[in-house]
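One file, run-v4.tsv, is given below (TSV, N, CA and C atoms).
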chain	number	residue	atom	x	y	z
A	1	LEU	N	57.57	5.22	2.43
A	1	LEU	CA	58.72	4.49	2.95
A	1	LEU	C	60.02	4.94	2.27
A	2	VAL	N	59.96	5.30	1.02
A	2	VAL	CA	61.16	5.76	0.33
A	2	VAL	C	61.70	7.00	1.02
A	3	ALA	N	60.82	7.90	1.44
A	3	ALA	CA	61.25	9.12	2.13
A	3	ALA	C	61.94	8.78	3.44
A	4	LEU	N	61.47	7.74	4.12
A	4	LEU	CA	62.08	7.33	5.38
A	4	LEU	C	63.51	6.89	5.18
A	5	TRP	N	63.76	6.09	4.17
A	5	TRP	CA	65.12	5.64	3.89
A	5	TRP	C	66.01	6.81	3.53
A	6	ALA	N	65.45	7.84	2.89
A	6	ALA	CA	66.24	9.00	2.51
A	6	ALA	C	66.68	9.80	3.75
A	7	CYS	N	65.94	9.68	4.86
A	7	CYS	CA	66.30	10.40	6.08
A	7	CYS	C	67.62	9.89	6.65
A	8	GLY	N	67.97	8.68	6.28
A	8	GLY	CA	69.23	8.11	6.76
A	8	GLY	C	69.19	7.82	8.23
A	9	GLY	N	70.34	7.91	8.83
A	9	GLY	CA	70.48	7.58	10.24
A	9	GLY	C	71.61	6.61	10.40
A	10	PRO	N	71.95	6.30	11.63
A	10	PRO	CA	73.09	5.42	11.88
A	10	PRO	C	72.84	3.99	11.44
A	11	ARG	N	73.89	3.38	10.97
A	11	ARG	CA	73.85	1.97	10.58
A	11	ARG	C	74.30	1.12	11.77
A	12	GLU	N	74.22	-0.18	11.60
A	12	GLU	CA	74.54	-1.11	12.69
A	12	GLU	C	75.94	-0.86	13.25
A	13	GLU	N	76.91	-0.66	12.40
A	13	GLU	CA	78.29	-0.46	12.86
A	13	GLU	C	78.40	0.80	13.73
A	14	GLU	N	77.71	1.86	13.33
A	14	GLU	CA	77.72	3.10	14.12
A	14	GLU	C	77.05	2.90	15.47
A	15	LEU	N	75.94	2.17	15.49
A	15	LEU	CA	75.25	1.87	16.74
A	15	LEU	C	76.15	1.07	17.67
A	16	ARG	N	76.79	0.04	17.12
A	16	ARG	CA	77.67	-0.82	17.92
A	16	ARG	C	78.86	-0.04	18.45
A	17	ASP	N	79.51	0.72	17.58
A	17	ASP	CA	80.66	1.53	18.01
A	17	ASP	C	80.24	2.52	19.10
A	18	GLY	N	79.06	3.13	18.92
A	18	GLY	CA	78.56	4.06	19.92
A	18	GLY	C	78.34	3.39	21.26
A	19	ALA	N	77.73	2.22	21.24
A	19	ALA	CA	77.47	1.50	22.49
A	19	ALA	C	78.77	1.11	23.17
A	20	LEU	N	79.70	0.57	22.41
A	20	LEU	CA	80.97	0.14	23.00
A	20	LEU	C	81.78	1.32	23.51
A	21	SER	N	81.58	2.50	22.94
A	21	SER	CA	82.34	3.67	23.39
A	21	SER	C	81.87	4.18	24.75
A	22	LEU	N	80.80	3.61	25.28
A	22	LEU	CA	80.29	3.98	26.61
A	22	LEU	C	80.69	2.97	27.69
A	23	VAL	N	81.23	1.85	27.29
A	23	VAL	CA	81.62	0.81	28.24
A	23	VAL	C	83.02	1.14	28.77
A	24	PRO	N	83.17	1.31	30.09
A	24	PRO	CA	84.48	1.64	30.64
A	24	PRO	C	85.53	0.58	30.31
A	25	PRO	N	86.79	1.02	30.16
A	25	PRO	CA	87.88	0.08	29.86
A	25	PRO	C	87.95	-1.03	30.91
A	26	HIS	N	88.37	-2.18	30.49
A	26	HIS	CA	88.58	-3.37	31.32
A	26	HIS	C	87.28	-4.01	31.79
A	27	SER	N	86.13	-3.52	31.34
A	27	SER	CA	84.87	-4.16	31.68
A	27	SER	C	84.72	-5.43	30.83
A	28	ALA	N	84.04	-6.41	31.38
A	28	ALA	CA	83.78	-7.65	30.64
A	28	ALA	C	82.42	-7.53	29.95
A	29	ILE	N	82.42	-7.66	28.64
A	29	ILE	CA	81.17	-7.62	27.89
A	29	ILE	C	80.56	-9.01	27.88
A	30	LEU	N	79.34	-9.10	28.38
A	30	LEU	CA	78.65	-10.39	28.45
A	30	LEU	C	77.84	-10.68	27.19
A	31	LYS	N	77.17	-9.64	26.66
A	31	LYS	CA	76.29	-9.90	25.53
A	31	LYS	C	76.00	-8.60	24.80
A	32	GLU	N	75.90	-8.70	23.48
A	32	GLU	CA	75.44	-7.59	22.64
A	32	GLU	C	74.15	-8.05	21.98
A	33	GLN	N	73.13	-7.18	22.01
A	33	GLN	CA	71.85	-7.51	21.40
A	33	GLN	C	71.48	-6.41	20.41
A	34	ARG	N	71.10	-6.82	19.21
A	34	ARG	CA	70.60	-5.89	18.21
A	34	ARG	C	69.08	-5.91	18.27
A	35	GLY	N	68.46	-4.76	18.02
A	35	GLY	CA	67.01	-4.74	18.10
A	35	GLY	C	66.40	-3.71	17.17
A	36	ASP	N	65.10	-3.72	17.12
A	36	ASP	CA	64.32	-2.77	16.33
A	36	ASP	C	63.52	-1.92	17.31
A	37	CYS	N	64.18	-0.89	17.83
A	37	CYS	CA	63.60	-0.07	18.89
A	37	CYS	C	62.95	1.20	18.38
A	38	VAL	N	63.32	1.63	17.17
A	38	VAL	CA	62.77	2.85	16.60
A	38	VAL	C	61.82	2.46	15.48
A	39	GLU	N	60.55	2.78	15.69
A	39	GLU	CA	59.52	2.41	14.72
A	39	GLU	C	59.82	2.97	13.34
A	40	LEU	N	59.66	2.17	12.32
A	40	LEU	CA	59.84	2.51	10.91
A	40	LEU	C	61.30	2.76	10.50
A	41	ALA	N	62.24	2.59	11.39
A	41	ALA	CA	63.66	2.78	11.06
A	41	ALA	C	64.24	1.48	10.50
A	42	PRO	N	65.34	1.58	9.75
A	42	PRO	CA	65.99	0.36	9.25
A	42	PRO	C	66.45	-0.51	10.42
A	43	SER	N	66.54	-1.79	10.17
A	43	SER	CA	66.94	-2.74	11.20
A	43	SER	C	68.43	-3.02	11.12
A	44	PRO	N	69.12	-3.09	12.25
A	44	PRO	CA	68.68	-2.77	13.60
A	44	PRO	C	68.70	-1.26	13.83
A	45	SER	N	67.88	-0.81	14.76
A	45	SER	CA	67.85	0.61	15.10
A	45	SER	C	68.38	0.86	16.51
A	46	CYS	N	68.78	-0.22	17.20
A	46	CYS	CA	69.38	-0.06	18.52
A	46	CYS	C	70.30	-1.24	18.83
A	47	ILE	N	71.19	-1.00	19.76
A	47	ILE	CA	72.11	-2.03	20.25
A	47	ILE	C	72.11	-1.93	21.77
A	48	ARG	N	72.06	-3.07	22.43
A	48	ARG	CA	72.16	-3.13	23.89
A	48	ARG	C	73.38	-3.97	24.24
A	49	VAL	N	74.20	-3.44	25.14
A	49	VAL	CA	75.40	-4.13	25.59
A	49	VAL	C	75.31	-4.33	27.10
A	50	HIS	N	75.45	-5.56	27.53
A	50	HIS	CA	75.47	-5.91	28.95
A	50	HIS	C	76.93	-6.12	29.33
A	51	PHE	N	77.36	-5.43	30.39
A	51	PHE	CA	78.77	-5.52	30.76
A	51	PHE	C	78.93	-5.56	32.28
A	52	LEU	N	80.07	-6.13	32.69
A	52	LEU	CA	80.43	-6.17	34.11
A	52	LEU	C	81.64	-5.27	34.28
A	53	PRO	N	81.50	-4.19	35.05
A	53	PRO	CA	82.62	-3.28	35.25
A	53	PRO	C	83.61	-3.83	36.26
A	54	THR	N	84.78	-3.23	36.32
A	54	THR	CA	85.79	-3.66	37.29
A	54	THR	C	85.53	-3.06	38.66
A	55	GLN	N	84.86	-1.90	38.72
A	55	GLN	CA	84.57	-1.25	40.00
A	55	GLN	C	83.26	-1.79	40.58
A	56	LEU	N	83.16	-1.77	41.91
A	56	LEU	CA	81.93	-2.22	42.55
A	56	LEU	C	81.04	-1.06	42.97
A	57	GLY	N	81.61	0.03	43.44
A	57	GLY	CA	80.82	1.14	43.96
A	57	GLY	C	80.07	1.87	42.85
A	58	LEU	N	78.83	2.23	43.15
A	58	LEU	CA	78.00	2.92	42.15
A	58	LEU	C	78.61	4.24	41.72
A	59	GLU	N	79.13	5.02	42.67
A	59	GLU	CA	79.75	6.30	42.31
A	59	GLU	C	80.98	6.09	41.43
A	60	GLN	N	81.77	5.07	41.72
A	60	GLN	CA	82.95	4.76	40.89
A	60	GLN	C	82.52	4.35	39.49
A	61	ARG	N	81.50	3.50	39.40
A	61	ARG	CA	81.02	3.05	38.09
A	61	ARG	C	80.42	4.20	37.31
A	62	THR	N	79.68	5.08	38.00
A	62	THR	CA	79.10	6.24	37.34
A	62	THR	C	80.20	7.14	36.79
A	63	ALA	N	81.19	7.43	37.61
A	63	ALA	CA	82.30	8.29	37.18
A	63	ALA	C	83.04	7.67	36.00
A	64	ALA	N	83.24	6.35	36.02
A	64	ALA	CA	83.95	5.67	34.93
A	64	ALA	C	83.17	5.77	33.61
A	65	VAL	N	81.85	5.60	33.68
A	65	VAL	CA	81.03	5.71	32.46
A	65	VAL	C	81.05	7.14	31.94
A	66	ILE	N	80.88	8.12	32.82
A	66	ILE	CA	80.87	9.52	32.38
A	66	ILE	C	82.22	9.90	31.77
A	67	LYS	N	83.31	9.48	32.38
A	67	LYS	CA	84.65	9.77	31.86
A	67	LYS	C	84.83	9.13	30.48
A	68	THR	N	84.47	7.87	30.36
A	68	THR	CA	84.59	7.15	29.09
A	68	THR	C	83.72	7.81	28.02
A	69	ALA	N	82.51	8.16	28.39
A	69	ALA	CA	81.58	8.80	27.45
A	69	ALA	C	82.11	10.14	26.97
A	70	THR	N	82.56	10.97	27.90
A	70	THR	CA	83.07	12.30	27.55
A	70	THR	C	84.27	12.19	26.62
A	71	GLU	N	85.15	11.26	26.90
A	71	GLU	CA	86.33	11.05	26.06
A	71	GLU	C	85.95	10.56	24.66
A	72	SER	N	84.76	9.98	24.53
A	72	SER	CA	84.29	9.46	23.24
A	72	SER	C	83.33	10.42	22.54
A	73	GLY	N	83.19	11.63	23.05
A	73	GLY	CA	82.38	12.64	22.39
A	73	GLY	C	80.91	12.66	22.76
A	74	TRP	N	80.52	11.92	23.80
A	74	TRP	CA	79.13	11.92	24.26
A	74	TRP	C	78.89	13.12	25.17
A	75	VAL	N	77.67	13.62	25.16
A	75	VAL	CA	77.26	14.72	26.04
A	75	VAL	C	76.26	14.15	27.04
A	76	LEU	N	76.52	14.37	28.33
A	76	LEU	CA	75.62	13.91	29.38
A	76	LEU	C	74.39	14.80	29.42
A	77	ASP	N	73.21	14.22	29.26
A	77	ASP	CA	71.96	14.96	29.31
A	77	ASP	C	71.28	14.86	30.67
A	78	ARG	N	71.43	13.71	31.31
A	78	ARG	CA	70.73	13.51	32.58
A	78	ARG	C	71.45	12.45	33.41
A	79	ARG	N	71.48	12.70	34.70
A	79	ARG	CA	72.03	11.74	35.67
A	79	ARG	C	71.01	11.66	36.79
A	80	GLU	N	70.45	10.47	37.01
A	80	GLU	CA	69.38	10.35	38.00
A	80	GLU	C	69.60	9.12	38.87
A	81	LEU	N	69.68	9.34	40.16
A	81	LEU	CA	69.80	8.25	41.12
A	81	LEU	C	68.41	7.73	41.43
A	82	LEU	N	68.20	6.45	41.18
A	82	LEU	CA	66.91	5.80	41.39
A	82	LEU	C	67.06	4.70	42.43
A	83	PRO	N	65.97	4.16	42.97
A	83	PRO	CA	66.09	3.07	43.94
A	83	PRO	C	66.85	1.86	43.40
A	84	GLY	N	66.77	1.61	42.09
A	84	GLY	CA	67.45	0.46	41.50
A	84	GLY	C	68.85	0.73	41.01
A	85	GLY	N	69.33	1.97	41.14
A	85	GLY	CA	70.68	2.30	40.69
A	85	GLY	C	70.73	3.66	40.02
A	86	MET	N	71.65	3.83	39.09
A	86	MET	CA	71.86	5.11	38.42
A	86	MET	C	71.39	5.01	36.97
A	87	ASP	N	70.72	6.06	36.51
A	87	ASP	CA	70.27	6.16	35.12
A	87	ASP	C	71.00	7.35	34.51
A	88	LEU	N	71.74	7.10	33.44
A	88	LEU	CA	72.47	8.14	32.73
A	88	LEU	C	71.95	8.21	31.31
A	89	ARG	N	71.81	9.43	30.80
A	89	ARG	CA	71.37	9.62	29.41
A	89	ARG	C	72.35	10.54	28.72
A	90	PHE	N	72.71	10.15	27.49
A	90	PHE	CA	73.70	10.87	26.70
A	90	PHE	C	73.18	11.07	25.28
A	91	HIS	N	73.81	11.98	24.55
A	91	HIS	CA	73.57	12.07	23.11
A	91	HIS	C	74.90	12.39	22.41
A	92	ARG	N	74.95	12.02	21.14
A	92	ARG	CA	76.11	12.28	20.29
A	92	ARG	C	75.66	12.17	18.85
A	93	GLU	N	75.92	13.19	18.05
A	93	GLU	CA	75.54	13.20	16.64
A	93	GLU	C	74.11	12.69	16.48
A	94	ASP	N	73.90	11.59	15.76
A	94	ASP	CA	72.55	11.08	15.56
A	94	ASP	C	72.27	9.83	16.40
A	95	LEU	N	72.87	9.81	17.61
A	95	LEU	CA	72.67	8.70	18.54
A	95	LEU	C	72.23	9.23	19.90
A	96	LYS	N	71.43	8.43	20.59
A	96	LYS	CA	71.14	8.70	21.99
A	96	LYS	C	71.39	7.43	22.78
A	97	ALA	N	71.80	7.60	24.03
A	97	ALA	CA	72.20	6.45	24.84
A	97	ALA	C	71.58	6.52	26.22
A	98	PHE	N	71.28	5.35	26.74
A	98	PHE	CA	70.74	5.17	28.08
A	98	PHE	C	71.64	4.16	28.78
A	99	VAL	N	72.17	4.53	29.92
A	99	VAL	CA	73.05	3.63	30.67
A	99	VAL	C	72.40	3.38	32.02
A	100	SER	N	72.26	2.10	32.37
A	100	SER	CA	71.68	1.71	33.65
A	100	SER	C	72.75	0.99	34.47
A	101	LEU	N	72.99	1.51	35.66
A	101	LEU	CA	73.99	0.93	36.56
A	101	LEU	C	73.28	0.47	37.83
A	102	GLY	N	73.52	-0.77	38.22
A	102	GLY	CA	72.87	-1.32	39.41
A	102	GLY	C	73.41	-0.72	40.69
A	103	THR	N	72.71	-0.96	41.77
A	103	THR	CA	73.08	-0.44	43.09
A	103	THR	C	74.39	-1.06	43.59
A	104	ASP	N	74.95	-0.47	44.65
A	104	ASP	CA	76.13	-1.03	45.30
A	104	ASP	C	75.84	-2.45	45.78
A	105	ALA	N	74.66	-2.65	46.39
A	105	ALA	CA	74.30	-3.97	46.91
A	105	ALA	C	74.24	-5.00	45.79
A	106	GLN	N	73.69	-4.62	44.64
A	106	GLN	CA	73.63	-5.54	43.51
A	106	GLN	C	75.04	-5.87	43.02
A	107	ALA	N	75.89	-4.86	42.92
A	107	ALA	CA	77.26	-5.08	42.45
A	107	ALA	C	78.02	-6.01	43.39
A	108	GLU	N	77.86	-5.82	44.69
A	108	GLU	CA	78.54	-6.69	45.65
A	108	GLU	C	78.01	-8.12	45.58
A	109	ARG	N	76.69	-8.24	45.50
A	109	ARG	CA	76.06	-9.56	45.43
A	109	ARG	C	76.47	-10.29	44.15
A	110	CYS	N	76.70	-9.53	43.11
A	110	CYS	CA	76.97	-10.11	41.80
A	110	CYS	C	78.46	-10.15	41.43
A	111	ALA	N	79.33	-9.81	42.37
A	111	ALA	CA	80.76	-9.70	42.06
A	111	ALA	C	81.32	-10.95	41.37
A	112	SER	N	80.83	-12.11	41.74
A	112	SER	CA	81.34	-13.34	41.12
A	112	SER	C	80.30	-14.01	40.23
A	113	ASN	N	79.20	-13.31	39.96
A	113	ASN	CA	78.10	-13.87	39.16
A	113	ASN	C	78.08	-13.20	37.79
A	114	ARG	N	78.51	-13.89	36.77
A	114	ARG	CA	78.63	-13.32	35.43
A	114	ARG	C	77.37	-13.60	34.60
A	115	THR	N	76.23	-13.09	35.09
A	115	THR	CA	74.97	-13.28	34.37
A	115	THR	C	74.41	-11.93	33.94
A	116	LEU	N	73.50	-11.96	32.98
A	116	LEU	CA	72.89	-10.73	32.50
A	116	LEU	C	72.14	-9.98	33.60
A	117	GLU	N	71.56	-10.71	34.54
A	117	GLU	CA	70.83	-10.07	35.63
A	117	GLU	C	71.74	-9.22	36.51
A	118	CYS	N	73.01	-9.52	36.50
A	118	CYS	CA	73.97	-8.79	37.33
A	118	CYS	C	74.73	-7.72	36.54
A	119	ALA	N	74.52	-7.63	35.27
A	119	ALA	CA	75.29	-6.72	34.44
A	119	ALA	C	74.71	-5.31	34.43
A	120	ASP	N	75.59	-4.34	34.22
A	120	ASP	CA	75.15	-2.98	33.90
A	120	ASP	C	74.86	-2.97	32.40
A	121	THR	N	74.09	-1.99	31.95
A	121	THR	CA	73.60	-2.01	30.56
A	121	THR	C	73.76	-0.67	29.88
A	122	VAL	N	74.18	-0.74	28.62
A	122	VAL	CA	74.21	0.42	27.72
A	122	VAL	C	73.22	0.13	26.61
A	123	HIS	N	72.34	1.09	26.33
A	123	HIS	CA	71.38	0.97	25.23
A	123	HIS	C	71.56	2.19	24.33
A	124	VAL	N	71.90	1.95	23.07
A	124	VAL	CA	72.10	3.05	22.11
A	124	VAL	C	71.11	2.87	20.97
A	125	GLU	N	70.43	3.95	20.63
A	125	GLU	CA	69.54	3.92	19.47
A	125	GLU	C	69.78	5.14	18.61
A	126	GLY	N	69.41	4.98	17.36
A	126	GLY	CA	69.62	6.05	16.40
A	126	GLY	C	68.48	7.05	16.38
A	127	ASP	N	68.81	8.23	15.90
A	127	ASP	CA	67.80	9.26	15.64
A	127	ASP	C	67.60	9.28	14.14
A	128	TYR	N	66.50	8.74	13.69
A	128	TYR	CA	66.24	8.55	12.26
A	128	TYR	C	65.32	9.61	11.70
A	129	GLY	N	64.96	10.58	12.49
A	129	GLY	CA	64.10	11.64	12.00
A	129	GLY	C	62.67	11.20	11.74
A	130	VAL	N	62.25	10.14	12.41
A	130	VAL	CA	60.87	9.64	12.22
A	130	VAL	C	59.99	10.10	13.36
Show me this structure written as structure tokens.
Amino acid sequence: LVALWACGGPREEELRDGALSLVPPHSAILKEQRGDCVELAPSPSCIRVHFLPTQLGLEQRTAAVIKTATESGWVLDRRELLPGGMDLRFHREDLKAFVSLGTDAQAERCASNRTLECADTVHVEGDYGV
């Protein structure tokens, strides 16, 4: 275990800053959750942010996240359109990020519903070398 701590990795503040750097400007943040997502890593090893964007269209929301991410030093690794929405994956330094954006229909249905079920999500976890 001592060797694991020596590997280092991002601390909570770095995880939080990383997650928030992927949320497009003017989005409403509903909730931040800290978690232990990386086995044997210091706690917390991940942060999840649920947010409501200002745009409704999936392509607009995708473009806003990619623009925000690029401006914050993130590199886009994967962009995949799925039946439930868009899945984006990024990396930066010792962080990796997963962004899930709901479909156009979900965004329209949820336009006035400020619940976690209607939010888009950013999940950032550290690379701890484990």
field: From A:Arg114, A:Glu108, A:Arg79, A:Arg11, residue lying nearest Ser43 (chain A) [all atoms listed in the file]
entry: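 So, comparing all the options, the nearest one is A:Arg11.
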Tell me, counting all atoms listed in the file, for each residue of region 50-124 of chain A within 5 Å of region 24-33 of chain A, which pair of atoms is nearest and how far apart they are in Å to one decimal, in rows ordered by chain and increasing number, as JSON lines.
{"residue": "A:His50", "atom": "C", "partner": "A:Leu30", "partner_atom": "N", "distance": 3.9}
{"residue": "A:Phe51", "atom": "CA", "partner": "A:Ala28", "partner_atom": "C", "distance": 4.2}
{"residue": "A:Leu52", "atom": "N", "partner": "A:Ala28", "partner_atom": "C", "distance": 3.9}
{"residue": "A:Pro53", "atom": "CA", "partner": "A:Ser27", "partner_atom": "CA", "distance": 4.3}
{"residue": "A:Thr54", "atom": "N", "partner": "A:Ser27", "partner_atom": "CA", "distance": 4.7}
As a check of understanding: the span from atom C of Asp120 (chain A) to atom N of Val49 (chain A) is 7.3 Å
Item to check | chain A: residues DSSP assigns to strand (DSSP E or B), reported as number ranges by chain | outcome: A: 28-35, 46-52, 75-82, 85-92, 95-102, 120-126
| message | For the structure I just gave you, how does DSSP split chain A - specifically, which residues are helix (DSSP H, G or I)? Reply as a VMD selection string. | response | chain A and resid 2 to 7 12 to 20 58 to 71 104 to 109 116 to 118
Between CA of His123 (chain A) and CA of Ser100 (chain A) lies a distance of 8.5 Å
Using only C-alpha atoms, the shortest atom-to-atom distance to Arg34 (chain A) among A:Ala64, A:Leu15, A:Leu20, A:Leu56 belongs to A:Leu15
Between atom C of Leu22 (chain A) and atom C of His91 (chain A) lies a distance of 12.3 Å
At most 6.5 Å from (70.0, -8.5, 36.2), file frame, all atoms listed in the file: which residues, as a PDB file with N, CA and C atoms, in the coordinates of the input?
ATOM      1  N   THR A 115      76.230 -13.090  35.090  1.00  0.00           N
ATOM      2  CA  THR A 115      74.970 -13.280  34.370  1.00  0.00           C
ATOM      3  C   THR A 115      74.410 -11.930  33.940  1.00  0.00           C
ATOM      4  N   LEU A 116      73.500 -11.960  32.980  1.00  0.00           N
ATOM      5  CA  LEU A 116      72.890 -10.730  32.500  1.00  0.00           C
ATOM      6  C   LEU A 116      72.140  -9.980  33.600  1.00  0.00           C
ATOM      7  N   GLU A 117      71.560 -10.710  34.540  1.00  0.00           N
ATOM      8  CA  GLU A 117      70.830 -10.070  35.630  1.00  0.00           C
ATOM      9  C   GLU A 117      71.740  -9.220  36.510  1.00  0.00           C
ATOM     10  N   CYS A 118      73.010  -9.520  36.500  1.00  0.00           N
ATOM     11  CA  CYS A 118      73.970  -8.790  37.330  1.00  0.00           C
ATOM     12  C   CYS A 118      74.730  -7.720  36.540  1.00  0.00           C
ATOM     13  N   ALA A 119      74.520  -7.630  35.270  1.00  0.00           N
ATOM     14  CA  ALA A 119      75.290  -6.720  34.440  1.00  0.00           C
ATOM     15  C   ALA A 119      74.710  -5.310  34.430  1.00  0.00           C
TER      16      ALA A 119
END
Gly73 (chain A) surroundings by only C-alpha atoms, 12 Å radius, close-in-sequence under 5 positions cut, as a VMD selection string:
chain A and resid 18 21 to 22 66 to 68 90 to 93 95 to 96
Which residues are near region 82-88 of chain A? Cut-off 6 Å, all atoms listed in the file, ignore same chain within fewer than 6 positions. Put them as number ranges by chain. A: 97-103
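Distance check against Gly9 (chain A) using all atoms listed in the file: of A:Glu59, A:Glu71, A:Asp94, A:Asp36, the minimum falls on A:Asp94.
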Using only C-alpha atoms: which of A:Ser72, A:Gly8, A:Gln55, A:Arg89 has the shortest distance to Val124 (chain A):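 The shortest atom-to-atom distance to Val124 (chain A) comes from A:Arg89.
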